[in-house]
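Enquirer: To be precise about what I am sending: the file is called upload10.pdb and holds PDB, C-alpha atoms and all ligand atoms.
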```pdb
MODEL        1
ATOM      1  CA  MET A   1      99.361 -23.038 -67.829
ATOM      2  CA  ARG A   2     100.420 -26.631 -67.327
ATOM      3  CA  SER A   3      96.953 -28.070 -67.758
ATOM      4  CA  ASP A   4      98.535 -31.409 -68.702
ATOM      5  CA  THR A   5      99.123 -32.047 -64.986
ATOM      6  CA  ILE A   6      95.369 -32.023 -64.298
ATOM      7  CA  THR A   7      93.890 -35.500 -64.233
ATOM      8  CA  CYS A   8      90.252 -36.619 -63.997
ATOM      9  CA  GLU A   9      91.123 -38.027 -60.598
ATOM     10  CA  SER A  10      92.341 -34.683 -59.272
ATOM     11  CA  VAL A  11      89.242 -32.982 -60.670
ATOM     12  CA  ALA A  12      87.037 -35.600 -58.988
ATOM     13  CA  GLU A  13      88.664 -34.687 -55.672
ATOM     14  CA  ARG A  14      87.689 -31.057 -56.152
ATOM     15  CA  LEU A  15      84.198 -31.342 -57.646
ATOM     16  CA  PRO A  16      82.274 -31.657 -54.351
ATOM     17  CA  GLN A  17      83.909 -28.403 -53.271
ATOM     18  CA  ILE A  18      83.368 -26.654 -56.604
ATOM     19  CA  MET A  19      79.629 -27.314 -56.177
ATOM     20  CA  ASP A  20      79.653 -24.834 -53.283
ATOM     21  CA  GLY A  21      79.949 -21.979 -55.758
ATOM     22  CA  GLY A  22      81.435 -18.800 -54.330
ATOM     23  CA  GLY A  23      84.935 -18.163 -55.630
ATOM     24  CA  SER A  24      85.716 -19.333 -59.150
ATOM     25  CA  PRO A  25      87.501 -22.676 -59.387
ATOM     26  CA  ASP A  26      91.136 -23.017 -60.335
ATOM     27  CA  PRO A  27      91.375 -22.036 -64.054
ATOM     28  CA  ALA A  28      93.345 -25.203 -64.788
ATOM     29  CA  ILE A  29      90.538 -27.330 -63.313
ATOM     30  CA  ALA A  30      87.899 -25.335 -65.193
ATOM     31  CA  GLY A  31      89.883 -25.760 -68.411
ATOM     32  CA  HIS A  32      90.080 -29.499 -67.922
ATOM     33  CA  VAL A  33      86.353 -29.850 -67.238
ATOM     34  CA  GLU A  34      85.503 -27.810 -70.334
ATOM     35  CA  ALA A  35      87.448 -30.239 -72.462
ATOM     36  CA  CYS A  36      86.655 -33.506 -70.673
ATOM     37  CA  LEU A  37      83.352 -35.330 -71.180
ATOM     38  CA  ARG A  38      83.930 -37.638 -68.231
ATOM     39  CA  CYS A  39      84.362 -34.797 -65.766
ATOM     40  CA  GLN A  40      81.405 -32.954 -67.290
ATOM     41  CA  ALA A  41      79.275 -36.043 -66.732
ATOM     42  CA  GLU A  42      80.393 -36.199 -63.119
ATOM     43  CA  LEU A  43      79.570 -32.528 -62.623
ATOM     44  CA  VAL A  44      76.070 -33.168 -63.980
ATOM     45  CA  GLN A  45      75.641 -36.017 -61.486
ATOM     46  CA  TYR A  46      76.601 -33.718 -58.627
ATOM     47  CA  ARG A  47      74.034 -31.202 -59.782
ATOM     48  CA  LYS A  48      71.395 -33.954 -59.749
ATOM     49  CA  LEU A  49      72.463 -34.977 -56.249
ATOM     50  CA  LEU A  50      72.212 -31.449 -54.880
ATOM     51  CA  ARG A  51      68.794 -31.032 -56.466
ATOM     52  CA  SER A  52      67.594 -34.289 -54.873
ATOM     53  CA  LEU A  53      68.910 -33.288 -51.471
ATOM     54  CA  HIS A  54      67.272 -29.914 -51.692
ATOM     55  CA  GLN A  55      63.953 -31.470 -52.610
ATOM     56  CA  LEU A  56      63.970 -33.429 -49.355
ATOM     57  CA  ARG A  57      63.365 -30.116 -47.625
ATOM     58  CA  THR A  58      59.744 -30.108 -48.833
ATOM     59  CA  GLU A  59      59.004 -33.486 -47.269
ATOM     60  CA  VAL A  60      57.563 -33.673 -43.760
ATOM     61  CA  LEU A  61      57.785 -36.896 -41.772
ATOM     62  CA  GLU A  62      55.092 -37.801 -39.273
ATOM     63  CA  PRO A  63      56.371 -38.310 -35.716
ATOM     64  CA  ALA A  64      55.131 -41.268 -33.672
ATOM     65  CA  PRO A  65      51.870 -40.597 -31.820
ATOM     66  CA  GLY A  66      52.607 -39.334 -28.342
ATOM     67  CA  THR A  67      55.574 -37.213 -29.398
ATOM     68  CA  LEU A  68      53.671 -33.974 -28.829
ATOM     69  CA  THR A  69      52.411 -35.193 -25.453
ATOM     70  CA  SER A  70      55.969 -36.020 -24.348
ATOM     71  CA  ILE A  71      57.216 -32.607 -25.457
ATOM     72  CA  PHE A  72      54.458 -30.854 -23.519
ATOM     73  CA  ALA A  73      55.053 -33.012 -20.447
ATOM     74  CA  SER A  74      58.756 -32.153 -20.313
ATOM     75  CA  ILE A  75      58.048 -28.441 -20.809
ATOM     76  CA  GLU A  76      55.402 -28.592 -18.116
ATOM     77  CA  ALA A  77      57.874 -30.139 -15.681
ATOM     78  CA  ALA A  78      60.528 -27.561 -16.551
ATOM     79  CA  GLY A  79      57.956 -24.778 -16.185
ATOM     80  CA  GLU A  80      56.975 -25.945 -12.718
ATOM     81  CA  ARG A  81      60.598 -26.090 -11.639
ATOM     82  CA  GLY A  82      61.121 -22.584 -13.020
ATOM     83  CA  ALA A  83      58.072 -21.257 -11.193
ATOM     84  CA  ILE A  84      59.215 -22.780  -7.902
ATOM     85  CA  ARG A  85      62.657 -21.238  -8.345
ATOM     86  CA  SER A  86      61.057 -17.850  -9.048
ATOM     87  CA  ILE A  87      58.932 -18.009  -5.919
ATOM     88  CA  LEU A  88      61.849 -19.120  -3.756
ATOM     89  CA  SER A  89      64.056 -16.357  -5.090
ATOM     90  CA  GLY A  90      61.344 -13.752  -4.421
ATOM     91  CA  ARG A  91      60.778 -12.929  -8.096
ATOM     92  CA  ARG A  92      57.262 -12.738  -9.422
ATOM     93  CA  ALA A  93      56.382 -15.893 -11.360
ATOM     94  CA  ALA A  94      56.557 -15.104 -15.059
ATOM     95  CA  TYR A  95      53.422 -17.074 -15.871
ATOM     96  CA  VAL A  96      51.172 -14.726 -13.936
ATOM     97  CA  GLY A  97      52.331 -11.824 -16.050
ATOM     98  CA  GLY A  98      51.727 -13.826 -19.197
ATOM     99  CA  ILE A  99      47.956 -13.997 -18.931
ATOM    100  CA  ALA A 100      47.198 -10.739 -20.746
ATOM    101  CA  VAL A 101      49.482 -11.737 -23.604
ATOM    102  CA  ALA A 102      47.840 -15.154 -23.692
ATOM    103  CA  THR A 103      44.474 -13.527 -24.345
ATOM    104  CA  ALA A 104      45.948 -11.485 -27.192
ATOM    105  CA  ALA A 105      47.341 -14.615 -28.816
ATOM    106  CA  ALA A 106      44.124 -16.573 -28.334
ATOM    107  CA  GLY A 107      42.845 -15.877 -31.872
ATOM    108  CA  ALA A 108      45.785 -17.549 -33.549
ATOM    109  CA  ALA A 109      45.837 -20.244 -30.904
ATOM    110  CA  GLY A 110      42.163 -21.091 -31.410
ATOM    111  CA  ALA A 111      42.625 -21.548 -35.154
ATOM    112  CA  LEU A 112      45.541 -23.841 -34.505
ATOM    113  CA  VAL A 113      43.662 -25.976 -32.043
ATOM    114  CA  LEU A 114      40.951 -26.674 -34.632
ATOM    115  CA  ALA A 115      43.500 -27.660 -37.252
ATOM    116  CA  SER A 116      45.456 -29.820 -34.864
ATOM    117  CA  ARG A 117      45.251 -33.562 -34.674
ATOM    118  CA  ALA A 118      46.617 -33.510 -31.167
ATOM    119  CA  ARG A 119      45.000 -35.633 -28.555
ATOM    120  CA  ARG A 120      44.776 -32.812 -26.073
ATOM    121  CA  ARG A 121      42.261 -31.033 -28.280
ATOM    122  CA  SER A 122      39.236 -31.403 -26.008
ATOM    123  CA  LEU A 123      41.299 -30.476 -23.007
ATOM    124  CA  ARG A 124      42.545 -27.314 -24.627
ATOM    125  CA  ILE A 125      39.104 -26.158 -25.793
ATOM    126  CA  ALA A 126      37.805 -26.717 -22.302
ATOM    127  CA  SER A 127      40.550 -24.615 -20.744
TER     128      SER A 127
ATOM    129  CA  MET B   9      45.569 -20.775 -41.525
ATOM    130  CA  ALA B  10      49.168 -20.003 -40.722
ATOM    131  CA  PRO B  11      49.737 -19.018 -37.105
ATOM    132  CA  ASP B  12      51.129 -15.596 -36.281
ATOM    133  CA  MET B  13      54.583 -16.834 -35.374
ATOM    134  CA  ALA B  14      55.981 -13.455 -34.374
ATOM    135  CA  GLY B  15      53.021 -12.846 -32.068
ATOM    136  CA  LEU B  16      53.351 -16.274 -30.499
ATOM    137  CA  VAL B  17      57.088 -15.771 -29.978
ATOM    138  CA  THR B  18      56.467 -12.424 -28.269
ATOM    139  CA  ALA B  19      53.822 -13.936 -26.002
ATOM    140  CA  ALA B  20      55.944 -16.982 -25.219
ATOM    141  CA  LYS B  21      58.917 -14.781 -24.368
ATOM    142  CA  ALA B  22      56.698 -12.903 -21.932
ATOM    143  CA  GLY B  23      56.122 -16.208 -20.149
ATOM    144  CA  ASP B  24      52.894 -17.376 -21.783
ATOM    145  CA  ARG B  25      53.261 -21.127 -21.801
ATOM    146  CA  GLN B  26      50.176 -21.662 -23.934
ATOM    147  CA  ALA B  27      51.749 -19.514 -26.656
ATOM    148  CA  PHE B  28      54.882 -21.629 -26.450
ATOM    149  CA  GLU B  29      52.775 -24.754 -26.839
ATOM    150  CA  GLU B  30      51.212 -23.296 -29.956
ATOM    151  CA  LEU B  31      54.709 -22.660 -31.308
ATOM    152  CA  VAL B  32      55.492 -26.304 -30.640
ATOM    153  CA  ARG B  33      52.334 -27.433 -32.445
ATOM    154  CA  ALA B  34      53.165 -25.254 -35.425
ATOM    155  CA  THR B  35      56.750 -26.484 -35.758
ATOM    156  CA  TYR B  36      57.154 -29.943 -34.260
ATOM    157  CA  THR B  37      56.632 -32.079 -37.386
ATOM    158  CA  ASP B  38      59.237 -29.951 -39.133
ATOM    159  CA  ALA B  39      61.628 -30.188 -36.191
ATOM    160  CA  TYR B  40      61.047 -33.936 -35.993
ATOM    161  CA  THR B  41      61.758 -34.312 -39.710
ATOM    162  CA  LEU B  42      65.104 -32.565 -39.265
ATOM    163  CA  ALA B  43      65.891 -34.669 -36.189
ATOM    164  CA  TYR B  44      65.113 -37.816 -38.163
ATOM    165  CA  ARG B  45      67.292 -36.747 -41.078
ATOM    166  CA  LEU B  46      70.145 -36.044 -38.661
ATOM    167  CA  THR B  47      69.921 -39.176 -36.533
ATOM    168  CA  GLY B  48      68.580 -41.623 -39.119
ATOM    169  CA  ASN B  49      66.120 -43.304 -36.778
ATOM    170  CA  GLU B  50      62.759 -42.578 -35.175
ATOM    171  CA  GLU B  51      63.647 -43.266 -31.572
ATOM    172  CA  ASP B  52      66.613 -40.893 -31.457
ATOM    173  CA  ALA B  53      64.620 -38.343 -33.457
ATOM    174  CA  SER B  54      61.829 -38.314 -30.844
ATOM    175  CA  ASP B  55      64.312 -37.916 -27.979
ATOM    176  CA  VAL B  56      66.188 -35.173 -29.798
ATOM    177  CA  VAL B  57      63.063 -33.203 -30.611
ATOM    178  CA  GLN B  58      61.859 -33.406 -27.004
ATOM    179  CA  GLU B  59      65.217 -32.240 -25.688
ATOM    180  CA  ALA B  60      65.349 -29.456 -28.290
ATOM    181  CA  TYR B  61      61.990 -27.974 -27.263
ATOM    182  CA  LEU B  62      62.946 -28.173 -23.624
ATOM    183  CA  ARG B  63      66.123 -26.264 -24.386
ATOM    184  CA  ALA B  64      64.212 -23.788 -26.557
ATOM    185  CA  PHE B  65      61.723 -23.230 -23.738
ATOM    186  CA  LYS B  66      64.490 -22.530 -21.260
ATOM    187  CA  SER B  67      66.460 -20.218 -23.534
ATOM    188  CA  LEU B  68      63.597 -18.464 -25.310
ATOM    189  CA  LYS B  69      64.408 -15.173 -23.613
ATOM    190  CA  ARG B  70      67.734 -15.186 -25.413
ATOM    191  CA  PHE B  71      66.070 -15.598 -28.813
ATOM    192  CA  ARG B  72      66.252 -12.337 -30.713
ATOM    193  CA  GLY B  73      63.579 -11.528 -33.251
ATOM    194  CA  ASP B  74      66.096 -10.908 -36.043
ATOM    195  CA  ALA B  75      66.248 -14.605 -36.896
ATOM    196  CA  GLN B  76      63.303 -16.787 -37.850
ATOM    197  CA  PHE B  77      62.027 -18.918 -34.991
ATOM    198  CA  SER B  78      62.301 -22.014 -37.200
ATOM    199  CA  THR B  79      65.973 -21.319 -38.035
ATOM    200  CA  TRP B  80      66.739 -20.783 -34.360
ATOM    201  CA  LEU B  81      64.961 -24.031 -33.530
ATOM    202  CA  TYR B  82      66.810 -25.942 -36.276
ATOM    203  CA  ARG B  83      70.105 -24.933 -34.742
ATOM    204  CA  ILE B  84      68.995 -26.212 -31.353
ATOM    205  CA  VAL B  85      67.824 -29.468 -32.944
ATOM    206  CA  ALA B  86      71.188 -29.794 -34.706
ATOM    207  CA  ASN B  87      73.021 -29.251 -31.447
ATOM    208  CA  CYS B  88      70.871 -31.752 -29.546
ATOM    209  CA  ALA B  89      71.267 -34.299 -32.342
ATOM    210  CA  ALA B  90      75.043 -33.906 -32.277
ATOM    211  CA  THR B  91      75.037 -34.512 -28.520
ATOM    212  CA  ALA B  92      72.758 -37.547 -28.838
ATOM    213  CA  LEU B  93      74.819 -39.049 -31.649
ATOM    214  CA  GLY B  94      78.005 -38.469 -29.684
ATOM    215  CA  LYS B  95      76.535 -40.376 -26.741
ATOM    216  CA  ARG B  96      75.273 -43.137 -29.015
ATOM    217  CA  ALA B  97      78.696 -43.599 -30.575
ATOM    218  CA  LYS B  98      80.282 -43.727 -27.130
ATOM    219  CA  ASN B  99      77.803 -46.303 -25.848
ATOM    220  CA  ARG B 100      78.243 -48.552 -28.826
ATOM    221  CA  HIS B 101      81.997 -48.015 -28.946
ATOM    222  CA  GLU B 102      81.565 -46.908 -32.507
ATOM    223  CA  THR B 103      84.373 -45.182 -34.280
ATOM    224  CA  LEU B 104      83.817 -42.339 -36.701
ATOM    225  CA  ASP B 105      84.508 -44.641 -39.608
ATOM    226  CA  ASP B 106      84.219 -42.481 -42.677
ATOM    227  CA  ASP B 107      85.530 -45.066 -45.063
ATOM    228  CA  ALA B 108      83.335 -48.068 -44.336
ATOM    229  CA  PRO B 109      81.830 -49.342 -47.579
ATOM    230  CA  LEU B 110      78.145 -48.794 -48.110
ATOM    231  CA  ALA B 111      75.818 -51.674 -48.789
ATOM    232  CA  ASP B 112      74.275 -51.520 -52.236
ATOM    233  CA  LEU B 113      70.622 -50.572 -51.887
ATOM    234  CA  ARG B 114      69.473 -51.209 -55.403
ATOM    235  CA  PRO B 115      71.994 -53.011 -57.549
ATOM    236  CA  ASP B 116      69.498 -53.114 -60.412
ATOM    237  CA  TYR B 117      68.841 -49.400 -60.262
ATOM    238  CA  ASP B 118      68.818 -47.760 -63.655
ATOM    239  CA  PRO B 119      69.820 -44.102 -63.289
ATOM    240  CA  ASP B 120      68.396 -43.256 -66.699
ATOM    241  CA  ALA B 121      64.896 -44.398 -65.807
ATOM    242  CA  ARG B 122      62.465 -41.662 -64.840
ATOM    243  CA  LEU B 123      61.723 -42.277 -61.224
ATOM    244  CA  ASP B 124      58.694 -41.422 -59.276
ATOM    245  CA  ALA B 125      59.509 -38.520 -56.950
ATOM    246  CA  SER B 126      58.649 -40.439 -53.798
ATOM    247  CA  VAL B 127      60.843 -43.378 -54.797
ATOM    248  CA  GLU B 128      63.625 -40.913 -55.456
ATOM    249  CA  ARG B 129      63.198 -39.333 -52.015
ATOM    250  CA  GLU B 130      63.185 -42.756 -50.418
ATOM    251  CA  ARG B 131      66.492 -43.636 -52.059
ATOM    252  CA  VAL B 132      68.091 -40.378 -50.962
ATOM    253  CA  THR B 133      66.721 -40.786 -47.422
ATOM    254  CA  GLU B 134      68.121 -44.312 -47.227
ATOM    255  CA  ALA B 135      71.523 -43.275 -48.564
ATOM    256  CA  LEU B 136      71.683 -40.494 -45.962
ATOM    257  CA  ARG B 137      70.787 -42.939 -43.211
ATOM    258  CA  GLU B 138      73.686 -45.151 -44.208
ATOM    259  CA  LEU B 139      76.269 -42.391 -44.012
ATOM    260  CA  PRO B 140      78.450 -42.193 -40.889
ATOM    261  CA  ASP B 141      76.870 -39.788 -38.354
ATOM    262  CA  GLY B 142      79.507 -37.101 -38.781
ATOM    263  CA  LEU B 143      79.058 -36.916 -42.544
ATOM    264  CA  ARG B 144      75.273 -37.182 -42.457
ATOM    265  CA  GLN B 145      74.784 -34.287 -40.061
ATOM    266  CA  VAL B 146      76.831 -31.865 -42.121
ATOM    267  CA  VAL B 147      75.331 -32.706 -45.506
ATOM    268  CA  VAL B 148      71.757 -32.593 -44.132
ATOM    269  CA  LEU B 149      72.278 -29.206 -42.494
ATOM    270  CA  ARG B 150      74.072 -27.707 -45.485
ATOM    271  CA  ASP B 151      72.499 -29.256 -48.592
ATOM    272  CA  VAL B 152      68.970 -29.961 -47.344
ATOM    273  CA  TYR B 153      68.455 -27.160 -44.804
ATOM    274  CA  ASP B 154      70.777 -24.485 -46.232
ATOM    275  CA  LEU B 155      72.398 -23.632 -42.909
ATOM    276  CA  PRO B 156      75.621 -21.620 -43.273
ATOM    277  CA  HIS B 157      78.932 -23.413 -42.676
ATOM    278  CA  GLU B 158      79.577 -21.218 -39.662
ATOM    279  CA  ALA B 159      76.310 -22.211 -37.934
ATOM    280  CA  ILE B 160      76.859 -25.890 -38.736
ATOM    281  CA  ALA B 161      80.381 -25.851 -37.315
ATOM    282  CA  LYS B 162      79.203 -24.100 -34.177
ATOM    283  CA  GLU B 163      76.283 -26.429 -33.440
ATOM    284  CA  LEU B 164      78.319 -29.565 -34.139
ATOM    285  CA  GLY B 165      81.276 -28.290 -32.118
ATOM    286  CA  ILE B 166      83.790 -28.627 -34.952
ATOM    287  CA  SER B 167      85.844 -26.160 -36.988
ATOM    288  CA  GLU B 168      84.474 -24.678 -40.184
ATOM    289  CA  ALA B 169      87.294 -26.338 -42.113
ATOM    290  CA  ALA B 170      86.357 -29.724 -40.647
ATOM    291  CA  ALA B 171      82.712 -29.122 -41.519
ATOM    292  CA  LYS B 172      83.659 -28.429 -45.135
ATOM    293  CA  VAL B 173      85.850 -31.519 -45.395
ATOM    294  CA  ARG B 174      82.979 -33.643 -44.075
ATOM    295  CA  LEU B 175      80.530 -31.999 -46.456
ATOM    296  CA  HIS B 176      82.667 -32.714 -49.499
ATOM    297  CA  ARG B 177      83.286 -36.289 -48.413
ATOM    298  CA  ALA B 178      79.569 -36.812 -47.840
ATOM    299  CA  ARG B 179      78.684 -35.371 -51.226
ATOM    300  CA  ARG B 180      81.194 -37.603 -52.958
ATOM    301  CA  ARG B 181      79.881 -40.736 -51.282
ATOM    302  CA  LEU B 182      76.278 -39.853 -51.988
ATOM    303  CA  ARG B 183      77.087 -39.008 -55.596
ATOM    304  CA  GLU B 184      78.856 -42.341 -56.126
ATOM    305  CA  ARG B 185      75.974 -44.178 -54.537
ATOM    306  CA  LEU B 186      72.950 -42.365 -55.928
ATOM    307  CA  PHE B 187      74.245 -40.962 -59.200
ATOM    308  CA  PRO B 188      77.053 -43.253 -60.325
ATOM    309  CA  LEU B 189      78.914 -42.718 -63.575
ATOM    310  CA  ARG B 190      78.782 -45.489 -66.135
ATOM    311  CA  GLY B 191      82.190 -46.859 -65.267
ATOM    312  CA  GLU B 192      81.355 -46.919 -61.567
ATOM    313  CA  GLU B 193      78.189 -48.897 -62.229
ATOM    314  CA  ALA B 194      80.086 -51.500 -64.239
ATOM    315  CA  ALA B 195      82.630 -51.785 -61.440
ATOM    316  CA  ARG B 196      79.858 -52.349 -58.904
ATOM    317  CA  ALA B 197      78.034 -54.910 -61.020
ATOM    318  CA  VAL B 198      81.007 -57.295 -60.926
TER     319      VAL B 198
HETATM  320 ZN    ZN A 201      88.437 -35.320 -66.797
ENDMDL
END
```
Could you write out this structure as structure tokens?
Expert:
Amino acid sequence: MRSDTITCESVAERLPQIMDGGGSPDPAIAGHVEACLRCQAELVQYRKLLRSLHQLRTEVLEPAPGTLTSIFASIEAAGERGAIRSILSGRRAAYVGGIAVATAAAGAAGALVLASRARRRSLRIAS
Amino acid sequence: MAPDMAGLVTAAKAGDRQAFEELVRATYTDAYTLAYRLTGNEEDASDVVQEAYLRAFKSLKRFRGDAQFSTWLYRIVANCAATALGKRAKNRHETLDDDAPLADLRPDYDPDARLDASVERERVTEALRELPDGLRQVVVLRDVYDLPHEAIAKELGISEAAAKVRLHRARRRLRERLFPLRGEEAARAV
């Protein structure tokens, strides 16, 4: 094994890929890292980076107020267009058939409404 | 109390719009967070999340129960973000400049100091924001959200090989910026 051809620079090129796991790295690269403190240090830094990135997953950012209202408005508009298309094409509007299912889901929905900070709260309880 | 997601999905698929709205309520902060991480700004994130739910609403019938609703939604968000970022780059005549140098956020940062977790997250968030769009999207989807390479490539409209190249480039840049080696710090301090 000509491990003398492996430089820290060539290892540095490969480290971001080695962090993927899956498939053992080139034995020559592994041999170099085992013997090289600089490359070991770099590997440790990559591990820290991946840990930091993964921890971002637990953070939730708060959208601007009004985001939920805009989402609902665009769905509402799309729903109306869909209903009109259904009527024009002679199909039964899907929303009529959905009422029974809506009642079944009302338990979960009610709990959510109470927990929600949405502005449409009073409107939804009234409906 | 956690909502019964499977029940809501079933009801929404049957055409119950109220159930779909409850799904939105249960997931939209999460979807927005992903959209923000992908686009790097609030305005684009809001547009992307709105577009994503619209698309989800229209294609809900095609959603099969074998995947989690949130995973399905993340893929739609990723796809919408890629489209939005593509348009943004076109409008601003931006090039996909992967090699532009990054501004130094904290030249006095001491990597050995124990940092408060929120400060740490802020640094990582900022470093992600400063990455070129193409690199940011891949590293967020892979290393923050654990999406498989195949799904990432598909939603971004690139090959799996290209997705991997971008991922490795993004990791290297973030590593150099957030977790520099001693020699790299000295070089930057000059
Ligand atoms: Zn080395």
Enquirer: Could you pull out the residues sitting within 7 Å of ligand ZN 201 (chain A), using only C-alpha atoms and all ligand atoms, and write them as a list in words?
Expert: Thr7, Cys8, Val11, His32, Val33, Cys36, Leu37, Arg38 and Cys39 of chain A
Enquirer: Around all listed atoms of range 179-193 of chain B, padded 5 Å per side, what centre and edge lengths does the axis-aligned box have in Å to one decimal, as AutoDock Vina command-line options?
Expert:
```
--center_x 77.6 --center_y -42.1 --center_z -58.7 --size_x 19.2 --size_y 23.5 --size_z 24.9
```
Enquirer: Per residue of chain B within 6 Å of chain A, what are the shortest atom pair and its distance in Å to one decimal, counting all atoms listed in the file, with rows by chain and residue number, as a Markdown table?
Expert:
```
| residue | atom | partner | partner_atom | distance |
| --- | --- | --- | --- | --- |
| B:Pro11 | CA | A:Ala108 | CA | 5.5 |
| B:Ala19 | CA | A:Val101 | CA | 5.4 |
| B:Ala22 | CA | A:Gly98 | CA | 5.7 |
| B:Gly23 | CA | A:Gly98 | CA | 5.1 |
| B:Asp24 | CA | A:Gly98 | CA | 4.5 |
| B:Thr41 | CA | A:Leu61 | CA | 5.2 |
| B:Gln58 | CA | A:Ile71 | CA | 5.0 |
| B:Leu62 | CA | A:Ile75 | CA | 5.7 |
| B:Val152 | CA | A:His54 | CA | 4.7 |
| B:His176 | CA | A:Pro16 | CA | 5.0 |
| B:Phe187 | CA | A:Gln45 | CA | 5.6 |
```
Enquirer: Which residues, named as in the file, does the PyMOL selection byres (((chain B and resi 68) around 12) and not hetatm) pick out? Answer as number ranges by chain.
Expert: B: 16-25, 27-28, 31, 60-67, 69-73, 77, 80-81, 84
Enquirer: Tell me, in Å to one decimal, how far CA of Gln26 in chain B is from CA of Asp55 in chain B.
Expert: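 These two atoms are separated by 21.9 Å.
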Enquirer: CA of Gly31 in chain A to CA of Val173 in chain B: how many Å, to one decimal?
Expert: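 Between CA of Gly31 in chain A and CA of Val173 in chain B the gap works out to 24.1 Å.
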Enquirer: Tell me, as a PyMOL selection string, which residues lie within 10 Å of Val147 in chain B, counting all atoms listed in the file; anything in the same chain fewer than 6 positions away does not count.
Expert: (chain A and resi 50+53) or (chain B and resi 46+136+139+153-155+160+171-172+174-179+182)
Enquirer: Output C-alpha atoms for every residue in the selection just made, as a PDB file, keeping the file's coordinate frame.
Expert:
```pdb
ATOM      1  CA  LEU A  50      72.212 -31.449 -54.880  1.00  0.00           C
ATOM      2  CA  LEU A  53      68.910 -33.288 -51.471  1.00  0.00           C
TER       3      LEU A  53
ATOM      4  CA  LEU B  46      70.145 -36.044 -38.661  1.00  0.00           C
ATOM      5  CA  LEU B 136      71.683 -40.494 -45.962  1.00  0.00           C
ATOM      6  CA  LEU B 139      76.269 -42.391 -44.012  1.00  0.00           C
ATOM      7  CA  TYR B 153      68.455 -27.160 -44.804  1.00  0.00           C
ATOM      8  CA  ASP B 154      70.777 -24.485 -46.232  1.00  0.00           C
ATOM      9  CA  LEU B 155      72.398 -23.632 -42.909  1.00  0.00           C
ATOM     10  CA  ILE B 160      76.859 -25.890 -38.736  1.00  0.00           C
ATOM     11  CA  ALA B 171      82.712 -29.122 -41.519  1.00  0.00           C
ATOM     12  CA  LYS B 172      83.659 -28.429 -45.135  1.00  0.00           C
ATOM     13  CA  ARG B 174      82.979 -33.643 -44.075  1.00  0.00           C
ATOM     14  CA  LEU B 175      80.530 -31.999 -46.456  1.00  0.00           C
ATOM     15  CA  HIS B 176      82.667 -32.714 -49.499  1.00  0.00           C
ATOM     16  CA  ARG B 177      83.286 -36.289 -48.413  1.00  0.00           C
ATOM     17  CA  ALA B 178      79.569 -36.812 -47.840  1.00  0.00           C
ATOM     18  CA  ARG B 179      78.684 -35.371 -51.226  1.00  0.00           C
ATOM     19  CA  LEU B 182      76.278 -39.853 -51.988  1.00  0.00           C
TER      20      LEU B 182
END
```
Enquirer: What is the CA of Gln76 in chain B to CA of Gly21 in chain A distance in Å?
Expert: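 It comes out at 25.0 Å.
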Enquirer: For Ser78 in chain B, list every protein, DNA or RNA residue within 9 Å, evaluated using all atoms listed in the file, and leave out those in the same chain fewer than 5 positions away; present the list as an mmCIF file with C-alpha atoms, in the coordinates of the input.
Expert:
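To be explicit, this is the file written out as part13.cif:
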```cif
data_model
loop_
_atom_site.group_PDB
_atom_site.id
_atom_site.type_symbol
_atom_site.label_atom_id
_atom_site.label_comp_id
_atom_site.auth_asym_id
_atom_site.auth_seq_id
_atom_site.Cartn_x
_atom_site.Cartn_y
_atom_site.Cartn_z
ATOM 1 C CA THR B 35 56.750 -26.484 -35.758
ATOM 2 C CA ASP B 38 59.237 -29.951 -39.133
ATOM 3 C CA ALA B 39 61.628 -30.188 -36.191
ATOM 4 C CA ARG B 83 70.105 -24.933 -34.742
#
```
Enquirer: I'd like to know which of B:Glu29, B:Asp151, B:Asp52, B:Glu163 is closest to Lys95 in chain B, using only C-alpha atoms.
Expert: B:Asp52
Enquirer: Starting from the block above, write range 164-188 of chain B out to a file with C-alpha atoms, as a compact mmCIF listing (two decimals), in the first residue's frame, please.
Expert:
```
# COMPACT_ATOMS: atom_id res chain seq x y z
CA LEU B 164 -34.45 19.81 -6.43
CA GLY B 165 -34.48 18.48 -9.99
CA ILE B 166 -30.81 17.47 -10.00
CA SER B 167 -28.97 14.15 -10.21
CA GLU B 168 -28.09 12.23 -7.08
CA ALA B 169 -24.40 12.64 -7.91
CA ALA B 170 -24.83 16.41 -8.16
CA ALA B 171 -26.69 16.44 -4.85
CA LYS B 172 -23.81 14.62 -3.18
CA VAL B 173 -21.19 16.95 -4.64
CA ARG B 174 -23.15 19.95 -3.35
CA LEU B 175 -23.57 18.33 0.06
CA HIS B 176 -19.86 17.71 0.47
CA ARG B 177 -18.99 21.21 -0.70
CA ALA B 178 -21.52 22.69 1.71
CA ARG B 179 -20.19 20.65 4.61
CA ARG B 180 -16.64 21.71 3.88
CA ARG B 181 -17.54 25.39 3.77
CA LEU B 182 -19.58 25.20 6.94
CA ARG B 183 -16.84 23.27 8.71
CA GLU B 184 -14.21 25.85 7.74
CA ARG B 185 -16.47 28.65 8.87
CA LEU B 186 -18.00 27.27 12.05
CA PHE B 187 -15.39 24.79 13.23
CA PRO B 188 -12.06 26.00 11.87
```
